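Participant: Sharing protein06.json here; it has JSON, C-alpha atoms.
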```json
[["chain", "number", "residue", "atom", "x", "y", "z"],
["A", 285, "ASP", "CA", 8.24, 2.46, -1.42],
["A", 286, "SER", "CA", 5.07, 3.10, -3.31],
["A", 287, "VAL", "CA", 2.13, 1.89, -1.18],
["A", 288, "GLY", "CA", -1.57, 1.48, -1.92],
["A", 289, "LEU", "CA", -4.58, 0.01, -0.16],
["A", 290, "VAL", "CA", -7.26, -2.36, -1.42],
["A", 291, "VAL", "CA", -10.20, -3.02, 0.91],
["A", 292, "PHE", "CA", -12.39, -6.03, 0.37],
["A", 293, "GLY", "CA", -15.69, -7.20, 1.83],
["A", 294, "ASP", "CA", -18.65, -8.11, -0.37],
["A", 295, "ARG", "CA", -16.48, -6.74, -3.17],
["A", 296, "ALA", "CA", -13.07, -5.12, -3.43],
["A", 297, "TYR", "CA", -12.26, -1.47, -4.04],
["A", 298, "VAL", "CA", -9.14, 0.70, -4.11],
["A", 299, "ALA", "CA", -9.15, 2.83, -0.96],
["A", 300, "ALA", "CA", -5.78, 4.43, -1.78],
["A", 301, "ALA", "CA", -4.02, 4.28, -5.15],
["A", 302, "PRO", "CA", -0.30, 3.43, -5.08],
["A", 303, "THR", "CA", 1.66, 6.47, -3.94],
["A", 304, "HIS", "CA", 4.93, 7.44, -2.26],
["A", 305, "ASP", "CA", 2.87, 9.43, 0.27],
["A", 306, "VAL", "CA", 2.75, 6.74, 2.94],
["A", 307, "ALA", "CA", 1.23, 9.18, 5.44],
["A", 308, "SER", "CA", -1.87, 9.62, 3.27],
["A", 309, "VAL", "CA", -2.33, 5.84, 3.00],
["A", 310, "ALA", "CA", -1.89, 5.55, 6.78],
["A", 311, "HIS", "CA", -4.60, 8.20, 7.19],
["A", 312, "VAL", "CA", -6.96, 6.17, 4.98],
["A", 313, "ILE", "CA", -6.28, 3.10, 7.13],
["A", 314, "GLU", "CA", -6.85, 5.04, 10.36],
["A", 315, "THR", "CA", -10.15, 6.48, 9.15],
["A", 316, "SER", "CA", -11.47, 3.28, 7.53],
["A", 317, "VAL", "CA", -14.58, 1.74, 9.03],
["A", 318, "ILE", "CA", -14.78, -2.03, 9.48],
["A", 319, "GLY", "CA", -17.61, -3.46, 7.41],
["A", 320, "ILE", "CA", -17.95, -0.47, 5.07],
["A", 321, "SER", "CA", -17.46, -2.74, 2.06],
["A", 322, "GLY", "CA", -19.78, -5.40, 3.45],
["A", 323, "LYS", "CA", -19.69, -8.24, 5.92],
["A", 324, "SER", "CA", -18.35, -10.91, 3.57],
["A", 325, "THR", "CA", -14.70, -11.51, 2.67],
["A", 326, "ALA", "CA", -13.87, -11.52, -1.04],
["A", 327, "ILE", "CA", -10.16, -12.33, -0.70],
["A", 328, "ALA", "CA", -9.66, -13.36, -4.34],
["A", 329, "ASP", "CA", -11.36, -10.16, -5.55],
["A", 330, "GLY", "CA", -9.03, -8.10, -3.36],
["A", 331, "ILE", "CA", -5.97, -9.94, -4.67],
["A", 332, "GLY", "CA", -7.24, -9.54, -8.24],
["A", 333, "LEU", "CA", -7.70, -5.79, -7.87],
["A", 334, "ALA", "CA", -4.24, -5.45, -6.33],
["A", 335, "ILE", "CA", -2.77, -7.45, -9.24],
["A", 336, "LYS", "CA", -4.52, -5.14, -11.70],
["A", 337, "ARG", "CA", -2.84, -2.14, -10.02],
["A", 338, "LEU", "CA", 0.59, -3.77, -9.81],
["A", 339, "ARG", "CA", 1.01, -5.86, -12.95],
["A", 340, "ASP", "CA", 2.15, -3.04, -15.26],
["A", 341, "ARG", "CA", 4.28, -1.20, -12.70],
["A", 342, "ASP", "CA", 7.96, -1.05, -13.51],
["A", 343, "ALA", "CA", 9.48, -1.96, -10.15],
["A", 344, "LYS", "CA", 12.12, -4.41, -9.02],
["A", 345, "SER", "CA", 9.78, -5.78, -6.39],
["A", 346, "ARG", "CA", 5.99, -5.94, -6.52],
["A", 347, "VAL", "CA", 4.34, -7.20, -3.37],
["A", 348, "ILE", "CA", 0.85, -7.71, -1.98],
["A", 349, "VAL", "CA", 0.50, -7.90, 1.79],
["A", 350, "LEU", "CA", -2.76, -9.68, 2.55],
["A", 351, "LEU", "CA", -4.07, -9.09, 6.07],
["A", 352, "SER", "CA", -7.02, -11.42, 6.63],
["A", 353, "ASP", "CA", -8.63, -14.19, 8.63],
["A", 354, "GLY", "CA", -8.22, -16.34, 5.51],
["A", 355, "GLN", "CA", -11.87, -17.24, 5.08],
["A", 356, "ASP", "CA", -13.02, -16.31, 1.57],
["A", 357, "THR", "CA", -16.81, -16.07, 1.96],
["A", 358, "SER", "CA", -17.86, -14.01, -1.03],
["A", 359, "GLY", "CA", -15.36, -14.07, -3.86],
["A", 360, "SER", "CA", -16.23, -14.96, -7.42],
["A", 361, "THR", "CA", -12.81, -16.56, -7.92],
["A", 362, "ASP", "CA", -10.73, -19.03, -5.96],
["A", 363, "PRO", "CA", -8.03, -17.25, -3.90],
["A", 364, "LEU", "CA", -5.43, -19.83, -4.98],
["A", 365, "ALA", "CA", -6.18, -19.06, -8.64],
["A", 366, "ALA", "CA", -5.65, -15.37, -7.86],
["A", 367, "ALA", "CA", -2.36, -16.21, -6.11],
["A", 368, "ASP", "CA", -1.25, -18.23, -9.14],
["A", 369, "LEU", "CA", -2.02, -15.23, -11.35],
["A", 370, "ALA", "CA", 0.03, -12.99, -9.05],
["A", 371, "ALA", "CA", 2.97, -15.38, -9.38],
["A", 372, "LYS", "CA", 2.57, -15.33, -13.17],
["A", 373, "TYR", "CA", 3.04, -11.53, -13.09],
["A", 374, "GLY", "CA", 5.99, -11.80, -10.69],
["A", 375, "ILE", "CA", 4.02, -10.38, -7.77],
["A", 376, "ARG", "CA", 4.73, -11.93, -4.37],
["A", 377, "ILE", "CA", 2.03, -12.25, -1.73],
["A", 378, "TYR", "CA", 2.83, -12.14, 1.97],
["A", 379, "THR", "CA", -0.16, -13.18, 4.04],
["A", 380, "ILE", "CA", -0.78, -12.13, 7.61],
["A", 381, "ALA", "CA", -3.16, -14.39, 9.53],
["A", 382, "LEU", "CA", -4.80, -12.04, 12.02],
["A", 383, "GLY", "CA", -6.87, -13.45, 14.85],
["A", 384, "PRO", "CA", -6.82, -15.09, 18.27],
["A", 385, "ALA", "CA", -7.34, -18.75, 17.27],
["A", 386, "ASP", "CA", -6.55, -21.09, 14.35],
["A", 387, "LEU", "CA", -9.04, -23.36, 12.58],
["A", 388, "GLU", "CA", -6.41, -26.09, 12.79],
["A", 389, "SER", "CA", -6.17, -25.98, 16.60],
["A", 390, "ASP", "CA", -9.67, -24.68, 17.47],
["A", 391, "PRO", "CA", -12.13, -25.45, 14.63],
["A", 392, "THR", "CA", -15.18, -24.46, 16.70],
["A", 393, "SER", "CA", -13.97, -20.94, 17.45],
["A", 394, "ARG", "CA", -16.13, -18.23, 15.85],
["A", 395, "ASP", "CA", -13.12, -15.98, 15.17],
["A", 396, "ALA", "CA", -10.70, -18.69, 14.06],
["A", 397, "VAL", "CA", -8.19, -17.90, 11.35],
["A", 398, "ASP", "CA", -7.79, -20.18, 8.33],
["A", 399, "THR", "CA", -3.99, -20.30, 8.45],
["A", 400, "ALA", "CA", -3.86, -23.22, 5.99],
["A", 401, "SER", "CA", -5.57, -21.16, 3.25],
["A", 402, "LEU", "CA", -3.36, -18.15, 3.90],
["A", 403, "ARG", "CA", -0.27, -20.38, 3.83],
["A", 404, "ASP", "CA", -1.38, -21.87, 0.50],
["A", 405, "ILE", "CA", -1.94, -18.39, -0.99],
["A", 406, "ALA", "CA", 1.51, -17.24, 0.13],
["A", 407, "VAL", "CA", 3.25, -20.36, -1.18],
["A", 408, "ALA", "CA", 1.45, -20.13, -4.54],
["A", 409, "ALA", "CA", 2.63, -16.53, -4.98],
["A", 410, "ASN", "CA", 6.23, -17.13, -3.80],
["A", 411, "GLY", "CA", 5.63, -15.31, -0.52],
["A", 412, "LYS", "CA", 5.39, -16.25, 3.11],
["A", 413, "MET", "CA", 2.62, -16.56, 5.70],
["A", 414, "PHE", "CA", 2.88, -14.85, 9.08],
["A", 415, "ARG", "CA", 0.74, -15.52, 12.16],
["A", 416, "VAL", "CA", -0.24, -12.45, 14.21],
["A", 417, "ARG", "CA", -2.24, -12.30, 17.44],
["A", 418, "ASN", "CA", -1.47, -8.77, 18.71],
["A", 419, "THR", "CA", -0.14, -5.36, 17.68],
["A", 420, "GLN", "CA", 3.45, -6.08, 18.75],
["A", 421, "GLU", "CA", 3.55, -9.20, 16.56],
["A", 422, "LEU", "CA", 2.14, -7.14, 13.67],
["A", 423, "ARG", "CA", 4.93, -4.57, 14.06],
["A", 424, "SER", "CA", 7.49, -7.37, 14.05],
["A", 425, "VAL", "CA", 5.98, -8.88, 10.89],
["A", 426, "THR", "CA", 6.03, -5.55, 9.05],
["A", 427, "GLU", "CA", 9.73, -5.15, 9.92],
["A", 428, "THR", "CA", 10.39, -8.68, 8.65],
["A", 429, "ILE", "CA", 8.57, -8.01, 5.36],
["A", 430, "ASP", "CA", 10.49, -4.75, 5.00],
["A", 431, "ALA", "CA", 13.74, -6.71, 5.41],
["A", 432, "LEU", "CA", 12.59, -9.35, 2.88],
["A", 433, "GLU", "CA", 11.70, -6.66, 0.34],
["A", 434, "PRO", "CA", 14.42, -4.02, 0.56],
["A", 435, "SER", "CA", 13.85, -0.95, -1.53],
["A", 436, "PRO", "CA", 17.17, 0.67, -2.44],
["A", 437, "SER", "CA", 15.47, 3.32, -4.55],
["A", 438, "LYS", "CA", 14.35, 6.57, -3.05],
["A", 439, "ALA", "CA", 11.10, 8.40, -3.52],
["A", 440, "PRO", "CA", 10.99, 10.58, -6.62],
["A", 441, "PRO", "CA", 12.46, 14.02, -6.12],
["A", 442, "ILE", "CA", 10.09, 16.72, -5.03],
["A", 443, "GLU", "CA", 10.03, 19.70, -7.34],
["A", 444, "THR", "CA", 10.38, 22.99, -5.54],
["A", 445, "TRP", "CA", 9.92, 26.35, -7.14],
["A", 446, "ARG", "CA", 11.90, 29.42, -6.26],
["A", 447, "GLU", "CA", 10.32, 32.64, -7.33],
["A", 448, "LEU", "CA", 13.03, 34.68, -9.02],
["A", 449, "TRP", "CA", 10.82, 37.45, -10.45],
["A", 450, "ILE", "CA", 11.74, 39.70, -7.54],
["A", 451, "TRP", "CA", 15.28, 40.24, -8.91],
["A", 452, "PRO", "CA", 14.38, 41.55, -12.39],
["A", 453, "ALA", "CA", 11.47, 43.53, -10.90],
["A", 454, "GLY", "CA", 13.83, 45.14, -8.37],
["A", 455, "LEU", "CA", 16.34, 45.96, -11.11],
["A", 456, "ALA", "CA", 13.59, 47.49, -13.26],
["A", 457, "LEU", "CA", 12.41, 49.58, -10.32],
["A", 458, "CYS", "CA", 15.98, 50.84, -9.71],
["A", 459, "LEU", "CA", 16.43, 51.71, -13.40],
["A", 460, "LEU", "CA", 13.10, 53.56, -13.44],
["A", 461, "ALA", "CA", 14.02, 55.52, -10.32],
["A", 462, "GLY", "CA", 17.46, 56.29, -11.79],
["A", 463, "SER", "CA", 15.99, 57.51, -15.08],
["A", 464, "LEU", "CA", 13.53, 59.75, -13.23],
["A", 465, "LEU", "CA", 16.35, 61.27, -11.14],
["A", 466, "VAL", "CA", 18.64, 61.79, -14.15],
["A", 467, "GLY", "CA", 15.88, 63.35, -16.23],
["A", 468, "ARG", "CA", 15.12, 66.05, -13.60],
["A", 469, "PRO", "CA", 16.70, 69.50, -13.99]]
```
How does this structure look as structure tokens?

Facilitator:
Amino acid sequence: DSVGLVVFGDRAYVAAAPTHDVASVAHVIETSVIGISGKSTAIADGIGLAIKRLRDRDAKSRVIVLLSDGQDTSGSTDPLAAADLAAKYGIRIYTIALGPADLESDPTSRDAVDTASLRDIAVAANGKMFRVRNTQELRSVTETIDALEPSPSKAPPIETWRELWIWPAGLALCLLAGSLLVGRP
């Protein structure tokens, strides 16, 4: 799969352009600093930037995985409008609600996740919403998404170069040595 990373806070930016080098994207994730793009959450801007990167890609499956608490606090656009745009381009959005509590069950919790908003975004973009509270659940969700979006194609072939100059150079050296030996009295 080709994988990229969009980070969003006060505004969204591409942290890793789509690539088959999943290890490099994982490195970007591991070295990212929480809050580097600001303390707000511009979910719609993040979705919009991901759409911009995906809309012209020629792939059987184009997917955005949105990992968020679901509370859009800074965007200039409504997240549902962004999800509708994704659906228009045939891009599915899978949302992952990450946090210990839900606004629906514990509306006074400071770290509550807006699962309703994330569910609405996923439904609007023909995806699915997942609820995650720990790392094990996150691993399970990624395996589920991988099963929902199988990728039968393989990464593009890697070009390797074999240096063949040694063979003609060796032959030339042998011919030179032979002509020097034949030319001696």

Participant: Measuring between all atoms listed in the file, which one of A:Asn418, A:Leu459, A:Glu433, A:Leu350 shows the shortest distance to Ala406 of chain A?

Facilitator: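 Selected residue with least distance to Ala406 of chain A: A:Leu350.
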
Participant: What's the 9 Å shell around Asp356 of chain A, counting only C-alpha atoms, without same-chain residues fewer than 3 positions away, as a PyMOL selection string?

Facilitator: chain A and resi 324-328+353+359+362-363

Participant: Please provide the set of residues having any atom within 9 Å of Arg376 of chain A, restricted to all atoms listed in the file, with same-chain residues fewer than 3 positions apart removed, written as a count of residues only.

Facilitator: 15

Participant: Hey, which of A:Gly374, A:Gly332, A:Gly288, A:Gly467 ends up closest to Thr361 of chain A? Count only C-alpha atoms.

Facilitator: A:Gly332

Participant: Between A:Ser389, A:Thr444, A:Thr428, A:Ser286, which one has atoms that come closest to Arg337 of chain A, using all atoms listed in the file?

Facilitator: A:Ser286

Participant: What is the atom CA of Thr426 of chain A to atom CA of Ala307 of chain A distance in Å?

Facilitator: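 Atom CA of Thr426 of chain A sits 15.9 Å away from atom CA of Ala307 of chain A.
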
Participant: Under the rule that all atoms listed in the file are counted, which of A:Ile320, A:Gly293, A:Leu464, A:Lys344 is the nearest residue to Thr357 of chain A?

Facilitator: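 Closest residue, counting all atoms listed in the file: A:Gly293.
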